[in-house]
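Asks: I have a structure I would like to understand better, so I am pasting it below and will then ask my questions one at a time.
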Amino acid sequence: MRARLRSWAAVGGRVAAARELAGFSQRELAERLDIHRSALTRVELGQRQLDALELARIAELLGRTVEWFLTAPAETLVSRRAGISADHDVQRLEDALDRVSRDVELLSDVGALTLAATGLQSGVTTLAEAEAGAAEARALLGCGDGPLVDLQAAVERLGLLAFSLDLGPGVIDGGYLRVGQTGVALVNGAAIAGRRRVNLAHELGHHLLADEYTADVGGGSGRSDREALIDAFAIHFLMPRTSVIARWAELSGEWDHPRQRLIVLAAEYRVSWSAAVPTRTPWS
């Protein structure tokens with residue numbers, strides 16, 4: 001159950017966020033509401049209350065439910081390309097993930113959706129532990145160490161619902177949040193297929209490692225270090241070391257150039273090229 005907003009300032013902030021995401025200026029929205037722009041400014045600052053009819057009209061114009069304006073958004077973990085900041089892209093992801101999670105929450109509340117709660121027993125603070133965690137996750141699936149063909153079905157068995165939406169060619173790879181015992185992951189559908197799989201495995205790492213409770217998420221070197229561990233988990237989950245080394249040896253007899261072998265590996269394990277390059281992956 002999402003927390004109810006307890007101040008008009010918080011409600012006004014939601015109005016401002018929805019207006020910006022819908023592409024309205026304050027003047028444009030005020031004209032459609034048939035109120036003065038200064039009145040809308042006061043609403044967004046929490047200095048003017050809304051009655052039920054006004055809030056319903058705002059919800060209609062901005063394509064939201066009334067409840068959306070009255071409840072706090074869920075805490076979201078955002079995955080983006082290292083060293084790049086894009087506040088607008090982050091806001092767009094958080095909004096899309098919030099919409100999806102509300103549907104999941106509703107289905108869970110009415111008993112139409114149930115997933116097993118899953119987590120890893122081992123802590124992950126080093127690259128070696130990230131690799132061990134990936135092996136533990138595969139053991140829970142009972143899938144051996146070969147390529148995972150249906151990754152979406154696999155992560156669902158581990159309690160993570162995966163969605164892919166086109167978030168545009170920005171810097172956002174995906175995001176994660178927890179709804180009760182269920183994890184919800186959203187990956188950027190604008191990315192190539194192999195990259196989407198790596199991104200989903202990354203969000204699985206957040207889910208299994210209970211990272212919505214991790215204090216160092218949010219900024220600074222601590223978050224970067226943690227993201228590196230999650231990246232390591234994702235690669236080892238998709239490309240277990242023993243399996244990759246064995247397949248590399250087999251391919252050595254078929255292809256002379258390492259680049260050719262890497263292309264085959266990337267295709268067989270269905271990952272992006274950057275994930276398969278040994279100098280960029282933890283299994284090298």
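Lettering and numbering for the structure tokens are positional, with chains as A, B, ... in the shown order, residues counted from 1 in each chain, and ligands counted from 1 in the shown order.
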As a list in words, list the residues of range 83-219 of chain A assigned to strand (DSSP E or B) by DSSP on the backbone atoms of this structure.
Replies: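 Checking each residue of range 83-219 of chain A, the strand (DSSP E or B) ones are Leu160, Leu161, Ala162, Phe163, Ser164, Leu165, Ile172, Asp173, Gly174, Gly175, Tyr176, Leu177, Arg178, Val179, Thr182, Gly183, Val184, Ala185, Leu186, Val187 and Asn188 of chain A.
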Asks: Name the residues in contact with range 258-273 of chain A at a cut-off of 6 Å, using only C-alpha atoms, excluding same-chain residues fewer than 2 positions from it; report them as number ranges by chain.
Replies: A: 147, 194-195, 275-276
Asks: I need the residues from that last selection saved to file as an mmCIF file, in the first residue's frame (with C-alpha atoms), if you can.
Replies:
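Saved result, out-v8.cif, follows:
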data_model
loop_
_atom_site.group_PDB
_atom_site.id
_atom_site.type_symbol
_atom_site.label_atom_id
_atom_site.label_comp_id
_atom_site.auth_asym_id
_atom_site.auth_seq_id
_atom_site.Cartn_x
_atom_site.Cartn_y
_atom_site.Cartn_z
ATOM 1 C CA PRO A 147 22.783 -19.839 -22.226
ATOM 2 C CA GLY A 194 21.430 -8.084 -26.274
ATOM 3 C CA ARG A 195 21.729 -4.914 -24.246
ATOM 4 C CA ALA A 275 29.262 -7.760 -22.492
ATOM 5 C CA ALA A 276 31.136 -10.464 -24.376
#
Asks: For a quick check of understanding, using only C-alpha atoms, which of A:Leu165, A:Arg196, A:Glu227, A:Ser108 has the smallest distance to Gly183 in chain A?
Replies: A:Ser108
Asks: Report as CSV the residues of range 130-243 of chain A within 12 Å of range 95-103 of chain A, each with its shortest atom pair and distance in Å (one decimal), using only C-alpha atoms, ordered by chain and increasing residue number.
Replies:
residue,atom,partner,partner_atom,distance
A:Leu160,CA,A:Ser101,CA,11.7
A:Leu161,CA,A:Ser101,CA,9.7
A:Ala162,CA,A:Val100,CA,10.1
A:Phe163,CA,A:Val100,CA,8.3
A:Ser164,CA,A:Leu97,CA,10.2
A:Leu165,CA,A:Ala96,CA,8.2
A:Asp166,CA,A:Ala96,CA,9.9
A:Leu167,CA,A:Ala96,CA,8.6
A:Gly174,CA,A:Leu97,CA,9.2
A:Gly175,CA,A:Leu97,CA,7.3
A:Tyr176,CA,A:Leu97,CA,7.8
A:Leu177,CA,A:Ser101,CA,8.0
A:Arg178,CA,A:Ser101,CA,8.3
A:Val179,CA,A:Ser101,CA,6.9
A:Gly180,CA,A:Ser101,CA,10.4
A:Thr182,CA,A:Ser101,CA,9.8
A:Gly183,CA,A:Ser101,CA,9.1
A:Val184,CA,A:Ser101,CA,6.6
A:Ala185,CA,A:Leu97,CA,7.8
A:Leu186,CA,A:Leu97,CA,6.3
A:Val187,CA,A:Leu97,CA,9.5
A:Asn188,CA,A:Ala96,CA,10.6
Asks: I want to know what sits within 10 Å of range 16-23 of chain A, based on only C-alpha atoms, with residues of the same chain fewer than 6 positions away left out; could you give that as a ChimeraX atom specification?
Replies: /A:10,29,40-41,43-45,58-59,61-64,68-69,88,91-92,95
Asks: Please provide the set of residues having any atom within 7 Å of range 123-132 of chain A, restricted to only C-alpha atoms, with same-chain residues fewer than 4 positions apart removed, written as number ranges by chain.
Replies: A: 136, 229, 232-233, 236
Asks: Give me the residues near Gln181 in chain A as an mmCIF file with all heavy atoms, in the first residue's frame, where near means some atom within 8 Å (using only C-alpha atoms) and where sequence neighbours in that chain fewer than 3 positions away do not count.
Replies:
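Now in around.cif:
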data_model
loop_
_atom_site.group_PDB
_atom_site.id
_atom_site.type_symbol
_atom_site.label_atom_id
_atom_site.label_comp_id
_atom_site.auth_asym_id
_atom_site.auth_seq_id
_atom_site.Cartn_x
_atom_site.Cartn_y
_atom_site.Cartn_z
ATOM 1 N N LEU A 115 3.736 -14.147 -6.940
ATOM 2 C CA LEU A 115 5.061 -14.628 -7.292
ATOM 3 C C LEU A 115 5.791 -15.020 -6.025
ATOM 4 O O LEU A 115 5.585 -14.424 -4.967
ATOM 5 C CB LEU A 115 5.871 -13.552 -8.024
ATOM 6 C CG LEU A 115 5.431 -13.171 -9.444
ATOM 7 C CD1 LEU A 115 6.347 -12.091 -9.986
ATOM 8 C CD2 LEU A 115 5.440 -14.373 -10.365
ATOM 9 N N ALA A 116 6.641 -16.035 -6.133
ATOM 10 C CA ALA A 116 7.405 -16.486 -4.980
ATOM 11 C C ALA A 116 8.424 -15.428 -4.578
ATOM 12 O O ALA A 116 9.068 -14.816 -5.426
ATOM 13 C CB ALA A 116 8.116 -17.796 -5.306
ATOM 14 N N ALA A 117 8.545 -15.186 -3.277
ATOM 15 C CA ALA A 117 9.567 -14.264 -2.772
ATOM 16 C C ALA A 117 10.911 -14.978 -2.781
ATOM 17 O O ALA A 117 11.041 -16.079 -2.257
ATOM 18 C CB ALA A 117 9.217 -13.810 -1.359
ATOM 19 N N GLY A 159 10.845 -14.142 -8.932
ATOM 20 C CA GLY A 159 10.058 -13.111 -8.278
ATOM 21 C C GLY A 159 10.150 -11.734 -8.878
ATOM 22 O O GLY A 159 9.759 -10.752 -8.244
ATOM 23 N N ARG A 178 10.329 -2.454 -5.728
ATOM 24 C CA ARG A 178 9.661 -3.611 -5.144
ATOM 25 C C ARG A 178 8.233 -3.239 -4.771
ATOM 26 O O ARG A 178 7.983 -2.186 -4.196
ATOM 27 C CB ARG A 178 10.423 -4.103 -3.899
ATOM 28 C CG ARG A 178 9.861 -5.389 -3.300
ATOM 29 C CD ARG A 178 10.674 -5.817 -2.091
ATOM 30 N NE ARG A 178 11.989 -6.299 -2.475
ATOM 31 C CZ ARG A 178 12.255 -7.564 -2.768
ATOM 32 N NH1 ARG A 178 11.300 -8.462 -2.746
ATOM 33 N NH2 ARG A 178 13.477 -7.929 -3.093
#
